[in-house]
file protein_34.pdb (PDB, N, CA and C atoms, pLDDT in the B column)
MODEL        1
ATOM      1  N   MET A   1      -5.365  -5.274  14.829  1.00 85.00           N
ATOM      2  CA  MET A   1      -3.963  -4.997  14.996  1.00 85.00           C
ATOM      3  C   MET A   1      -3.762  -3.489  14.941  1.00 85.00           C
ATOM      4  N   ASP A   2      -3.063  -2.972  15.912  1.00 90.00           N
ATOM      5  CA  ASP A   2      -2.834  -1.528  15.924  1.00 90.00           C
ATOM      6  C   ASP A   2      -1.687  -1.163  14.977  1.00 90.00           C
ATOM      7  N   ASN A   3      -1.542   0.131  14.722  1.00 91.00           N
ATOM      8  CA  ASN A   3      -0.558   0.610  13.746  1.00 91.00           C
ATOM      9  C   ASN A   3       0.878   0.280  14.146  1.00 91.00           C
ATOM     10  N   ALA A   4       1.174   0.361  15.438  1.00 93.00           N
ATOM     11  CA  ALA A   4       2.538   0.067  15.898  1.00 93.00           C
ATOM     12  C   ALA A   4       2.882  -1.403  15.663  1.00 93.00           C
ATOM     13  N   THR A   5       1.943  -2.285  15.928  1.00 94.00           N
ATOM     14  CA  THR A   5       2.166  -3.716  15.709  1.00 94.00           C
ATOM     15  C   THR A   5       2.306  -4.014  14.223  1.00 94.00           C
ATOM     16  N   LEU A   6       1.467  -3.379  13.406  1.00 93.00           N
ATOM     17  CA  LEU A   6       1.564  -3.549  11.957  1.00 93.00           C
ATOM     18  C   LEU A   6       2.964  -3.172  11.479  1.00 93.00           C
ATOM     19  N   GLU A   7       3.446  -2.030  11.910  1.00 95.00           N
ATOM     20  CA  GLU A   7       4.770  -1.575  11.484  1.00 95.00           C
ATOM     21  C   GLU A   7       5.856  -2.529  11.959  1.00 95.00           C
ATOM     22  N   LYS A   8       5.771  -2.952  13.203  1.00 95.00           N
ATOM     23  CA  LYS A   8       6.791  -3.844  13.760  1.00 95.00           C
ATOM     24  C   LYS A   8       6.833  -5.177  13.017  1.00 95.00           C
ATOM     25  N   GLN A   9       5.679  -5.708  12.666  1.00 95.00           N
ATOM     26  CA  GLN A   9       5.633  -7.029  12.054  1.00 95.00           C
ATOM     27  C   GLN A   9       5.781  -7.025  10.534  1.00 95.00           C
ATOM     28  N   PHE A  10       5.427  -5.921   9.860  1.00 95.00           N
ATOM     29  CA  PHE A  10       5.363  -5.948   8.409  1.00 95.00           C
ATOM     30  C   PHE A  10       6.239  -4.932   7.679  1.00 95.00           C
ATOM     31  N   HIS A  11       6.850  -3.991   8.391  1.00 97.00           N
ATOM     32  CA  HIS A  11       7.725  -3.017   7.720  1.00 97.00           C
ATOM     33  C   HIS A  11       9.142  -3.572   7.719  1.00 97.00           C
ATOM     34  N   SER A  12       9.521  -4.116   6.581  1.00 96.00           N
ATOM     35  CA  SER A  12      10.829  -4.763   6.457  1.00 96.00           C
ATOM     36  C   SER A  12      11.950  -3.736   6.377  1.00 96.00           C
ATOM     37  N   LYS A  13      13.096  -4.139   6.862  1.00 96.00           N
ATOM     38  CA  LYS A  13      14.302  -3.316   6.797  1.00 96.00           C
ATOM     39  C   LYS A  13      15.309  -3.999   5.889  1.00 96.00           C
ATOM     40  N   ALA A  14      15.948  -3.230   5.035  1.00 96.00           N
ATOM     41  CA  ALA A  14      16.901  -3.773   4.068  1.00 96.00           C
ATOM     42  C   ALA A  14      18.019  -4.548   4.755  1.00 96.00           C
ATOM     43  N   LYS A  15      18.436  -4.103   5.920  1.00 95.00           N
ATOM     44  CA  LYS A  15      19.538  -4.773   6.618  1.00 95.00           C
ATOM     45  C   LYS A  15      19.178  -6.204   7.018  1.00 95.00           C
ATOM     46  N   SER A  16      17.897  -6.522   7.045  1.00 95.00           N
ATOM     47  CA  SER A  16      17.460  -7.876   7.392  1.00 95.00           C
ATOM     48  C   SER A  16      17.745  -8.886   6.285  1.00 95.00           C
ATOM     49  N   PHE A  17      18.053  -8.406   5.075  1.00 94.00           N
ATOM     50  CA  PHE A  17      18.247  -9.278   3.930  1.00 94.00           C
ATOM     51  C   PHE A  17      19.718  -9.485   3.567  1.00 94.00           C
ATOM     52  N   GLY A  18      20.601  -9.057   4.429  1.00 94.00           N
ATOM     53  CA  GLY A  18      22.021  -9.243   4.173  1.00 94.00           C
ATOM     54  C   GLY A  18      22.660  -8.026   3.535  1.00 94.00           C
ATOM     55  N   SER A  19      23.977  -8.029   3.516  1.00 94.00           N
ATOM     56  CA  SER A  19      24.724  -6.850   3.069  1.00 94.00           C
ATOM     57  C   SER A  19      24.485  -6.524   1.595  1.00 94.00           C
ATOM     58  N   ARG A  20      24.194  -7.529   0.777  1.00 94.00           N
ATOM     59  CA  ARG A  20      23.979  -7.280  -0.648  1.00 94.00           C
ATOM     60  C   ARG A  20      22.786  -6.351  -0.884  1.00 94.00           C
ATOM     61  N   TYR A  21      21.764  -6.462  -0.037  1.00 94.00           N
ATOM     62  CA  TYR A  21      20.531  -5.691  -0.214  1.00 94.00           C
ATOM     63  C   TYR A  21      20.404  -4.515   0.764  1.00 94.00           C
ATOM     64  N   ASN A  22      21.402  -4.333   1.589  1.00 96.00           N
ATOM     65  CA  ASN A  22      21.353  -3.267   2.591  1.00 96.00           C
ATOM     66  C   ASN A  22      21.829  -1.958   1.966  1.00 96.00           C
ATOM     67  N   ASN A  23      20.901  -1.310   1.229  1.00 97.00           N
ATOM     68  CA  ASN A  23      21.230  -0.025   0.617  1.00 97.00           C
ATOM     69  C   ASN A  23      19.973   0.838   0.553  1.00 97.00           C
ATOM     70  N   LYS A  24      20.153   2.096   0.214  1.00 97.00           N
ATOM     71  CA  LYS A  24      19.049   3.058   0.214  1.00 97.00           C
ATOM     72  C   LYS A  24      17.975   2.722  -0.811  1.00 97.00           C
ATOM     73  N   ASN A  25      18.371   2.199  -1.963  1.00 97.00           N
ATOM     74  CA  ASN A  25      17.394   1.884  -3.007  1.00 97.00           C
ATOM     75  C   ASN A  25      16.447   0.773  -2.564  1.00 97.00           C
ATOM     76  N   VAL A  26      17.006  -0.268  -1.972  1.00 97.00           N
ATOM     77  CA  VAL A  26      16.173  -1.371  -1.490  1.00 97.00           C
ATOM     78  C   VAL A  26      15.278  -0.888  -0.360  1.00 97.00           C
ATOM     79  N   GLN A  27      15.837  -0.105   0.556  1.00 97.00           N
ATOM     80  CA  GLN A  27      15.019   0.390   1.670  1.00 97.00           C
ATOM     81  C   GLN A  27      13.891   1.275   1.157  1.00 97.00           C
ATOM     82  N   LYS A  28      14.178   2.071   0.146  1.00 98.00           N
ATOM     83  CA  LYS A  28      13.131   2.920  -0.442  1.00 98.00           C
ATOM     84  C   LYS A  28      11.995   2.063  -0.996  1.00 98.00           C
ATOM     85  N   LEU A  29      12.335   0.989  -1.697  1.00 97.00           N
ATOM     86  CA  LEU A  29      11.315   0.085  -2.235  1.00 97.00           C
ATOM     87  C   LEU A  29      10.520  -0.589  -1.120  1.00 97.00           C
ATOM     88  N   LEU A  30      11.199  -1.003  -0.076  1.00 97.00           N
ATOM     89  CA  LEU A  30      10.511  -1.624   1.064  1.00 97.00           C
ATOM     90  C   LEU A  30       9.589  -0.628   1.759  1.00 97.00           C
ATOM     91  N   ASP A  31      10.037   0.617   1.877  1.00 98.00           N
ATOM     92  CA  ASP A  31       9.204   1.662   2.482  1.00 98.00           C
ATOM     93  C   ASP A  31       7.961   1.926   1.622  1.00 98.00           C
ATOM     94  N   GLU A  32       8.149   1.972   0.301  1.00 98.00           N
ATOM     95  CA  GLU A  32       7.020   2.184  -0.605  1.00 98.00           C
ATOM     96  C   GLU A  32       6.029   1.020  -0.521  1.00 98.00           C
ATOM     97  N   GLU A  33       6.555  -0.187  -0.435  1.00 97.00           N
ATOM     98  CA  GLU A  33       5.687  -1.359  -0.319  1.00 97.00           C
ATOM     99  C   GLU A  33       4.880  -1.309   0.981  1.00 97.00           C
ATOM    100  N   PHE A  34       5.513  -0.906   2.062  1.00 98.00           N
ATOM    101  CA  PHE A  34       4.806  -0.805   3.341  1.00 98.00           C
ATOM    102  C   PHE A  34       3.744   0.289   3.291  1.00 98.00           C
ATOM    103  N   GLU A  35       4.040   1.399   2.660  1.00 98.00           N
ATOM    104  CA  GLU A  35       3.042   2.471   2.524  1.00 98.00           C
ATOM    105  C   GLU A  35       1.834   1.974   1.727  1.00 98.00           C
ATOM    106  N   GLN A  36       2.070   1.165   0.700  1.00 98.00           N
ATOM    107  CA  GLN A  36       0.961   0.594  -0.073  1.00 98.00           C
ATOM    108  C   GLN A  36       0.160  -0.385   0.778  1.00 98.00           C
ATOM    109  N   LEU A  37       0.844  -1.150   1.591  1.00 97.00           N
ATOM    110  CA  LEU A  37       0.159  -2.070   2.504  1.00 97.00           C
ATOM    111  C   LEU A  37      -0.758  -1.305   3.458  1.00 97.00           C
ATOM    112  N   LYS A  38      -0.269  -0.193   3.998  1.00 97.00           N
ATOM    113  CA  LYS A  38      -1.098   0.628   4.893  1.00 97.00           C
ATOM    114  C   LYS A  38      -2.283   1.229   4.146  1.00 97.00           C
ATOM    115  N   ALA A  39      -2.052   1.692   2.929  1.00 97.00           N
ATOM    116  CA  ALA A  39      -3.140   2.273   2.131  1.00 97.00           C
ATOM    117  C   ALA A  39      -4.197   1.219   1.815  1.00 97.00           C
ATOM    118  N   ASP A  40      -3.758   0.024   1.461  1.00 96.00           N
ATOM    119  CA  ASP A  40      -4.699  -1.063   1.181  1.00 96.00           C
ATOM    120  C   ASP A  40      -5.493  -1.432   2.429  1.00 96.00           C
ATOM    121  N   ARG A  41      -4.824  -1.450   3.554  1.00 95.00           N
ATOM    122  CA  ARG A  41      -5.488  -1.749   4.831  1.00 95.00           C
ATOM    123  C   ARG A  41      -6.559  -0.702   5.142  1.00 95.00           C
ATOM    124  N   ASP A  42      -6.222   0.559   4.966  1.00 95.00           N
ATOM    125  CA  ASP A  42      -7.190   1.630   5.219  1.00 95.00           C
ATOM    126  C   ASP A  42      -8.374   1.546   4.255  1.00 95.00           C
ATOM    127  N   PHE A  43      -8.094   1.230   2.981  1.00 96.00           N
ATOM    128  CA  PHE A  43      -9.157   1.076   1.991  1.00 96.00           C
ATOM    129  C   PHE A  43     -10.098  -0.054   2.404  1.00 96.00           C
ATOM    130  N   TYR A  44      -9.545  -1.182   2.799  1.00 92.00           N
ATOM    131  CA  TYR A  44     -10.335  -2.337   3.222  1.00 92.00           C
ATOM    132  C   TYR A  44     -11.198  -1.984   4.436  1.00 92.00           C
ATOM    133  N   ARG A  45     -10.601  -1.337   5.410  1.00 90.00           N
ATOM    134  CA  ARG A  45     -11.361  -0.939   6.607  1.00 90.00           C
ATOM    135  C   ARG A  45     -12.523  -0.017   6.239  1.00 90.00           C
ATOM    136  N   ASP A  46     -12.252   0.988   5.422  1.00 93.00           N
ATOM    137  CA  ASP A  46     -13.281   1.942   5.015  1.00 93.00           C
ATOM    138  C   ASP A  46     -14.389   1.245   4.229  1.00 93.00           C
ATOM    139  N   LEU A  47     -13.999   0.366   3.322  1.00 92.00           N
ATOM    140  CA  LEU A  47     -14.972  -0.370   2.515  1.00 92.00           C
ATOM    141  C   LEU A  47     -15.912  -1.180   3.398  1.00 92.00           C
ATOM    142  N   TYR A  48     -15.370  -1.897   4.354  1.00 87.00           N
ATOM    143  CA  TYR A  48     -16.211  -2.726   5.207  1.00 87.00           C
ATOM    144  C   TYR A  48     -17.063  -1.904   6.160  1.00 87.00           C
ATOM    145  N   LEU A  49     -16.556  -0.777   6.616  1.00 88.00           N
ATOM    146  CA  LEU A  49     -17.392   0.092   7.455  1.00 88.00           C
ATOM    147  C   LEU A  49     -18.583   0.614   6.664  1.00 88.00           C
ATOM    148  N   LYS A  50     -18.342   0.996   5.412  1.00 90.00           N
ATOM    149  CA  LYS A  50     -19.437   1.459   4.560  1.00 90.00           C
ATOM    150  C   LYS A  50     -20.417   0.328   4.274  1.00 90.00           C
ATOM    151  N   TRP A  51     -19.903  -0.872   4.045  1.00 87.00           N
ATOM    152  CA  TRP A  51     -20.732  -2.024   3.765  1.00 87.00           C
ATOM    153  C   TRP A  51     -21.601  -2.372   4.976  1.00 87.00           C
ATOM    154  N   GLU A  52     -21.005  -2.327   6.155  1.00 88.00           N
ATOM    155  CA  GLU A  52     -21.765  -2.582   7.380  1.00 88.00           C
ATOM    156  C   GLU A  52     -22.861  -1.546   7.567  1.00 88.00           C
ATOM    157  N   THR A  53     -22.566  -0.294   7.303  1.00 86.00           N
ATOM    158  CA  THR A  53     -23.546   0.778   7.441  1.00 86.00           C
ATOM    159  C   THR A  53     -24.682   0.602   6.434  1.00 86.00           C
ATOM    160  N   ALA A  54     -24.344   0.269   5.203  1.00 89.00           N
ATOM    161  CA  ALA A  54     -25.349   0.130   4.153  1.00 89.00           C
ATOM    162  C   ALA A  54     -26.270  -1.068   4.375  1.00 89.00           C
ATOM    163  N   THR A  55     -25.719  -2.156   4.928  1.00 88.00           N
ATOM    164  CA  THR A  55     -26.514  -3.371   5.103  1.00 88.00           C
ATOM    165  C   THR A  55     -27.054  -3.522   6.518  1.00 88.00           C
ATOM    166  N   ASN A  56     -26.605  -2.663   7.412  1.00 86.00           N
ATOM    167  CA  ASN A  56     -26.991  -2.723   8.817  1.00 86.00           C
ATOM    168  C   ASN A  56     -26.637  -4.071   9.444  1.00 86.00           C
ATOM    169  N   LYS A  57     -25.502  -4.626   9.008  1.00 84.00           N
ATOM    170  CA  LYS A  57     -24.976  -5.881   9.551  1.00 84.00           C
ATOM    171  C   LYS A  57     -23.527  -5.668   9.941  1.00 84.00           C
ATOM    172  N   VAL A  58     -23.098  -6.378  10.977  1.00 82.00           N
ATOM    173  CA  VAL A  58     -21.702  -6.337  11.388  1.00 82.00           C
ATOM    174  C   VAL A  58     -21.011  -7.568  10.809  1.00 82.00           C
ATOM    175  N   PHE A  59     -19.944  -7.330  10.079  1.00 78.00           N
ATOM    176  CA  PHE A  59     -19.208  -8.425   9.472  1.00 78.00           C
ATOM    177  C   PHE A  59     -17.983  -8.753  10.323  1.00 78.00           C
ATOM    178  N   SER A  60     -17.680 -10.023  10.440  1.00 76.00           N
ATOM    179  CA  SER A  60     -16.557 -10.485  11.228  1.00 76.00           C
ATOM    180  C   SER A  60     -15.298 -10.567  10.371  1.00 76.00           C
ATOM    181  N   ASP A  61     -14.169 -10.408  10.988  1.00 72.00           N
ATOM    182  CA  ASP A  61     -12.903 -10.593  10.283  1.00 72.00           C
ATOM    183  C   ASP A  61     -12.332 -11.995  10.550  1.00 72.00           C
ATOM    184  N   ARG A  62     -13.150 -12.840  11.088  1.00 74.00           N
ATOM    185  CA  ARG A  62     -12.725 -14.203  11.397  1.00 74.00           C
ATOM    186  C   ARG A  62     -13.281 -15.166  10.352  1.00 74.00           C
ATOM    187  N   ALA A  63     -12.589 -16.240  10.164  1.00 67.00           N
ATOM    188  CA  ALA A  63     -12.989 -17.239   9.171  1.00 67.00           C
ATOM    189  C   ALA A  63     -13.801 -18.356   9.818  1.00 67.00           C
ATOM    190  N   ASP A  64     -14.736 -17.997  10.669  1.00 62.00           N
ATOM    191  CA  ASP A  64     -15.559 -19.007  11.359  1.00 62.00           C
ATOM    192  C   ASP A  64     -16.474 -19.719  10.414  1.00 62.00           C
TER     193      ASP A  64
ENDMDL
END
call {"tool": "encode", "arguments": {"input": "protein_34.pdb", "output": "structure tokens"}}
result
Amino acid sequence: MDNATLEKQFHSKAKSFGSRYNNKNVQKLLDEEFEQLKADRDFYRDLYLKWETATNKVFSDRAD
């Protein structure tokens, strides 16, 4: 999944949760959560690339 698709599908907007939650504080929390999601994704990618290099095996991201 490319970065644009990740953002489109997983970066929530406060306005999507109704007027009660449509404020700057909620959006800030949602933005922080999305930034953590991206950081975790990058960590996972880096970890598996290192693991593949160390073991000389290619690992699949599929649950076959």
call {"tool": "closest_residue", "arguments": {"input": "protein_34.pdb", "among": "A:Ala4, A:Lys13, A:Asn56, A:Lys38", "to": "Val26 of chain A", "atoms": "only C-alpha atoms"}}
result
A:Lys13
call {"tool": "residues_around", "arguments": {"input": "protein_34.pdb", "residues": "Phe34 of chain A", "least_positions_apart": "4", "cutoff": "8 Å", "atoms": "all atoms listed in the file", "output": "JSON list (two decimals) with N, CA and C atoms, keeping the file's coordinate frame"}}
result
[["chain", "number", "residue", "atom", "x", "y", "z"],
["A", 10, "PHE", "N", 5.43, -5.92, 9.86],
["A", 10, "PHE", "CA", 5.36, -5.95, 8.41],
["A", 10, "PHE", "C", 6.24, -4.93, 7.68],
["A", 11, "HIS", "N", 6.85, -3.99, 8.39],
["A", 11, "HIS", "CA", 7.72, -3.02, 7.72],
["A", 11, "HIS", "C", 9.14, -3.57, 7.72],
["A", 12, "SER", "N", 9.52, -4.12, 6.58],
["A", 12, "SER", "CA", 10.83, -4.76, 6.46],
["A", 12, "SER", "C", 11.95, -3.74, 6.38],
["A", 28, "LYS", "N", 14.18, 2.07, 0.15],
["A", 28, "LYS", "CA", 13.13, 2.92, -0.44],
["A", 28, "LYS", "C", 12.00, 2.06, -1.00],
["A", 29, "LEU", "N", 12.34, 0.99, -1.70],
["A", 29, "LEU", "CA", 11.32, 0.08, -2.24],
["A", 29, "LEU", "C", 10.52, -0.59, -1.12],
["A", 30, "LEU", "N", 11.20, -1.00, -0.08],
["A", 30, "LEU", "CA", 10.51, -1.62, 1.06],
["A", 30, "LEU", "C", 9.59, -0.63, 1.76],
["A", 38, "LYS", "N", -0.27, -0.19, 4.00],
["A", 38, "LYS", "CA", -1.10, 0.63, 4.89],
["A", 38, "LYS", "C", -2.28, 1.23, 4.15],
["A", 39, "ALA", "N", -2.05, 1.69, 2.93],
["A", 39, "ALA", "CA", -3.14, 2.27, 2.13],
["A", 39, "ALA", "C", -4.20, 1.22, 1.82],
["A", 40, "ASP", "N", -3.76, 0.02, 1.46],
["A", 40, "ASP", "CA", -4.70, -1.06, 1.18],
["A", 40, "ASP", "C", -5.49, -1.43, 2.43]]
call {"tool": "residues_around", "arguments": {"input": "protein_34.pdb", "residues": "Arg45 of chain A", "least_positions_apart": "5", "cutoff": "12 Å", "atoms": "only C-alpha atoms", "output": "PyMOL selection string"}}
result
chain A and resi 1+38-40+50-52+59-61
call {"tool": "closest_residue", "arguments": {"input": "protein_34.pdb", "among": "A:Leu49, A:Val58, A:Ala14, A:Leu6", "to": "Asp31 of chain A", "atoms": "only N, CA and C atoms"}}
result
A:Ala14
call {"tool": "atom_distance", "arguments": {"input": "protein_34.pdb", "atom1": "atom CA of Thr5 of chain A", "atom2": "atom CA of Asn22 of chain A"}}
result
23.2 Å
call {"tool": "axis_aligned_box", "arguments": {"input": "protein_34.pdb", "around": "segment 30-47 of chain A", "padding_each_side": "3 Å", "output": "lines of an AutoDock Vina configuration file"}}
result
center_x = -2.4
center_y = 0.1
center_z = 3.0
size_x = 33.1
size_y = 10.8
size_z = 13.2
call {"tool": "atom_distance", "arguments": {"input": "protein_34.pdb", "atom1": "atom C of Asp2 of chain A", "atom2": "atom CA of Lys57 of chain A"}}
result
24.4 Å
call {"tool": "atom_distance", "arguments": {"input": "protein_34.pdb", "atom1": "atom CA of Glu35 of chain A", "atom2": "atom CA of Ala54 of chain A"}}
result
28.5 Å
call {"tool": "select_by_dssp", "arguments": {"input": "protein_34.pdb", "residues": "chain A", "states": "alpha helix (DSSP H)", "output": "PyMOL selection string"}}
result
chain A and resi 3-10+24-55
call {"tool": "write_last_selection", "arguments": {"input": "protein_34.pdb", "atoms": "N, CA and C atoms", "output": "CSV table (one decimal), in the frame of the given file"}}
result
chain,number,residue,atom,x,y,z
A,3,ASN,N,-1.5,0.1,14.7
A,3,ASN,CA,-0.6,0.6,13.7
A,3,ASN,C,0.9,0.3,14.1
A,4,ALA,N,1.2,0.4,15.4
A,4,ALA,CA,2.5,0.1,15.9
A,4,ALA,C,2.9,-1.4,15.7
A,5,THR,N,1.9,-2.3,15.9
A,5,THR,CA,2.2,-3.7,15.7
A,5,THR,C,2.3,-4.0,14.2
A,6,LEU,N,1.5,-3.4,13.4
A,6,LEU,CA,1.6,-3.5,12.0
A,6,LEU,C,3.0,-3.2,11.5
A,7,GLU,N,3.4,-2.0,11.9
A,7,GLU,CA,4.8,-1.6,11.5
A,7,GLU,C,5.9,-2.5,12.0
A,8,LYS,N,5.8,-3.0,13.2
A,8,LYS,CA,6.8,-3.8,13.8
A,8,LYS,C,6.8,-5.2,13.0
A,9,GLN,N,5.7,-5.7,12.7
A,9,GLN,CA,5.6,-7.0,12.1
A,9,GLN,C,5.8,-7.0,10.5
A,10,PHE,N,5.4,-5.9,9.9
A,10,PHE,CA,5.4,-5.9,8.4
A,10,PHE,C,6.2,-4.9,7.7
A,24,LYS,N,20.2,2.1,0.2
A,24,LYS,CA,19.0,3.1,0.2
A,24,LYS,C,18.0,2.7,-0.8
A,25,ASN,N,18.4,2.2,-2.0
A,25,ASN,CA,17.4,1.9,-3.0
A,25,ASN,C,16.4,0.8,-2.6
A,26,VAL,N,17.0,-0.3,-2.0
A,26,VAL,CA,16.2,-1.4,-1.5
A,26,VAL,C,15.3,-0.9,-0.4
A,27,GLN,N,15.8,-0.1,0.6
A,27,GLN,CA,15.0,0.4,1.7
A,27,GLN,C,13.9,1.3,1.2
A,28,LYS,N,14.2,2.1,0.1
A,28,LYS,CA,13.1,2.9,-0.4
A,28,LYS,C,12.0,2.1,-1.0
A,29,LEU,N,12.3,1.0,-1.7
A,29,LEU,CA,11.3,0.1,-2.2
A,29,LEU,C,10.5,-0.6,-1.1
A,30,LEU,N,11.2,-1.0,-0.1
A,30,LEU,CA,10.5,-1.6,1.1
A,30,LEU,C,9.6,-0.6,1.8
A,31,ASP,N,10.0,0.6,1.9
A,31,ASP,CA,9.2,1.7,2.5
A,31,ASP,C,8.0,1.9,1.6
A,32,GLU,N,8.1,2.0,0.3
A,32,GLU,CA,7.0,2.2,-0.6
A,32,GLU,C,6.0,1.0,-0.5
A,33,GLU,N,6.6,-0.2,-0.4
A,33,GLU,CA,5.7,-1.4,-0.3
A,33,GLU,C,4.9,-1.3,1.0
A,34,PHE,N,5.5,-0.9,2.1
A,34,PHE,CA,4.8,-0.8,3.3
A,34,PHE,C,3.7,0.3,3.3
A,35,GLU,N,4.0,1.4,2.7
A,35,GLU,CA,3.0,2.5,2.5
A,35,GLU,C,1.8,2.0,1.7
A,36,GLN,N,2.1,1.2,0.7
A,36,GLN,CA,1.0,0.6,-0.1
A,36,GLN,C,0.2,-0.4,0.8
A,37,LEU,N,0.8,-1.2,1.6
A,37,LEU,CA,0.2,-2.1,2.5
A,37,LEU,C,-0.8,-1.3,3.5
A,38,LYS,N,-0.3,-0.2,4.0
A,38,LYS,CA,-1.1,0.6,4.9
A,38,LYS,C,-2.3,1.2,4.1
A,39,ALA,N,-2.1,1.7,2.9
A,39,ALA,CA,-3.1,2.3,2.1
A,39,ALA,C,-4.2,1.2,1.8
A,40,ASP,N,-3.8,0.0,1.5
A,40,ASP,CA,-4.7,-1.1,1.2
A,40,ASP,C,-5.5,-1.4,2.4
A,41,ARG,N,-4.8,-1.4,3.6
A,41,ARG,CA,-5.5,-1.7,4.8
A,41,ARG,C,-6.6,-0.7,5.1
A,42,ASP,N,-6.2,0.6,5.0
A,42,ASP,CA,-7.2,1.6,5.2
A,42,ASP,C,-8.4,1.5,4.3
A,43,PHE,N,-8.1,1.2,3.0
A,43,PHE,CA,-9.2,1.1,2.0
A,43,PHE,C,-10.1,-0.1,2.4
A,44,TYR,N,-9.5,-1.2,2.8
A,44,TYR,CA,-10.3,-2.3,3.2
A,44,TYR,C,-11.2,-2.0,4.4
A,45,ARG,N,-10.6,-1.3,5.4
A,45,ARG,CA,-11.4,-0.9,6.6
A,45,ARG,C,-12.5,0.0,6.2
A,46,ASP,N,-12.3,1.0,5.4
A,46,ASP,CA,-13.3,1.9,5.0
A,46,ASP,C,-14.4,1.2,4.2
A,47,LEU,N,-14.0,0.4,3.3
A,47,LEU,CA,-15.0,-0.4,2.5
A,47,LEU,C,-15.9,-1.2,3.4
A,48,TYR,N,-15.4,-1.9,4.4
A,48,TYR,CA,-16.2,-2.7,5.2
A,48,TYR,C,-17.1,-1.9,6.2
A,49,LEU,N,-16.6,-0.8,6.6
A,49,LEU,CA,-17.4,0.1,7.5
A,49,LEU,C,-18.6,0.6,6.7
A,50,LYS,N,-18.3,1.0,5.4
A,50,LYS,CA,-19.4,1.5,4.6
A,50,LYS,C,-20.4,0.3,4.3
A,51,TRP,N,-19.9,-0.9,4.0
A,51,TRP,CA,-20.7,-2.0,3.8
A,51,TRP,C,-21.6,-2.4,5.0
A,52,GLU,N,-21.0,-2.3,6.2
A,52,GLU,CA,-21.8,-2.6,7.4
A,52,GLU,C,-22.9,-1.5,7.6
A,53,THR,N,-22.6,-0.3,7.3
A,53,THR,CA,-23.5,0.8,7.4
A,53,THR,C,-24.7,0.6,6.4
A,54,ALA,N,-24.3,0.3,5.2
A,54,ALA,CA,-25.3,0.1,4.2
A,54,ALA,C,-26.3,-1.1,4.4
A,55,THR,N,-25.7,-2.2,4.9
A,55,THR,CA,-26.5,-3.4,5.1
A,55,THR,C,-27.1,-3.5,6.5
call {"tool": "build_atoms", "arguments": {"input": "protein_34.pdb", "residues": "segment 33-44 of chain A", "atoms": "N, CA, C and O atoms", "output": "PDB file, keeping the file's coordinate frame"}}
result
ATOM      1  N   GLU A  33       6.555  -0.187  -0.435  1.00 97.00           N
ATOM      2  CA  GLU A  33       5.687  -1.359  -0.319  1.00 97.00           C
ATOM      3  C   GLU A  33       4.880  -1.309   0.981  1.00 97.00           C
ATOM      4  O   GLU A  33       3.680  -1.618   0.991  1.00 97.00           O
ATOM      5  N   PHE A  34       5.513  -0.906   2.062  1.00 98.00           N
ATOM      6  CA  PHE A  34       4.806  -0.805   3.341  1.00 98.00           C
ATOM      7  C   PHE A  34       3.744   0.289   3.291  1.00 98.00           C
ATOM      8  O   PHE A  34       2.641   0.109   3.820  1.00 98.00           O
ATOM      9  N   GLU A  35       4.040   1.399   2.660  1.00 98.00           N
ATOM     10  CA  GLU A  35       3.042   2.471   2.524  1.00 98.00           C
ATOM     11  C   GLU A  35       1.834   1.974   1.727  1.00 98.00           C
ATOM     12  O   GLU A  35       0.695   2.306   2.059  1.00 98.00           O
ATOM     13  N   GLN A  36       2.070   1.165   0.700  1.00 98.00           N
ATOM     14  CA  GLN A  36       0.961   0.594  -0.073  1.00 98.00           C
ATOM     15  C   GLN A  36       0.160  -0.385   0.778  1.00 98.00           C
ATOM     16  O   GLN A  36      -1.075  -0.410   0.715  1.00 98.00           O
ATOM     17  N   LEU A  37       0.844  -1.150   1.591  1.00 97.00           N
ATOM     18  CA  LEU A  37       0.159  -2.070   2.504  1.00 97.00           C
ATOM     19  C   LEU A  37      -0.758  -1.305   3.458  1.00 97.00           C
ATOM     20  O   LEU A  37      -1.910  -1.694   3.678  1.00 97.00           O
ATOM     21  N   LYS A  38      -0.269  -0.193   3.998  1.00 97.00           N
ATOM     22  CA  LYS A  38      -1.098   0.628   4.893  1.00 97.00           C
ATOM     23  C   LYS A  38      -2.283   1.229   4.146  1.00 97.00           C
ATOM     24  O   LYS A  38      -3.399   1.256   4.676  1.00 97.00           O
ATOM     25  N   ALA A  39      -2.052   1.692   2.929  1.00 97.00           N
ATOM     26  CA  ALA A  39      -3.140   2.273   2.131  1.00 97.00           C
ATOM     27  C   ALA A  39      -4.197   1.219   1.815  1.00 97.00           C
ATOM     28  O   ALA A  39      -5.403   1.486   1.910  1.00 97.00           O
ATOM     29  N   ASP A  40      -3.758   0.024   1.461  1.00 96.00           N
ATOM     30  CA  ASP A  40      -4.699  -1.063   1.181  1.00 96.00           C
ATOM     31  C   ASP A  40      -5.493  -1.432   2.429  1.00 96.00           C
ATOM     32  O   ASP A  40      -6.697  -1.690   2.362  1.00 96.00           O
ATOM     33  N   ARG A  41      -4.824  -1.450   3.554  1.00 95.00           N
ATOM     34  CA  ARG A  41      -5.488  -1.749   4.831  1.00 95.00           C
ATOM     35  C   ARG A  41      -6.559  -0.702   5.142  1.00 95.00           C
ATOM     36  O   ARG A  41      -7.682  -1.038   5.520  1.00 95.00           O
ATOM     37  N   ASP A  42      -6.222   0.559   4.966  1.00 95.00           N
ATOM     38  CA  ASP A  42      -7.190   1.630   5.219  1.00 95.00           C
ATOM     39  C   ASP A  42      -8.374   1.546   4.255  1.00 95.00           C
ATOM     40  O   ASP A  42      -9.523   1.749   4.653  1.00 95.00           O
ATOM     41  N   PHE A  43      -8.094   1.230   2.981  1.00 96.00           N
ATOM     42  CA  PHE A  43      -9.157   1.076   1.991  1.00 96.00           C
ATOM     43  C   PHE A  43     -10.098  -0.054   2.404  1.00 96.00           C
ATOM     44  O   PHE A  43     -11.323   0.088   2.372  1.00 96.00           O
ATOM     45  N   TYR A  44      -9.545  -1.182   2.799  1.00 92.00           N
ATOM     46  CA  TYR A  44     -10.335  -2.337   3.222  1.00 92.00           C
ATOM     47  C   TYR A  44     -11.198  -1.984   4.436  1.00 92.00           C
ATOM     48  O   TYR A  44     -12.386  -2.298   4.478  1.00 92.00           O
TER      49      TYR A  44
END
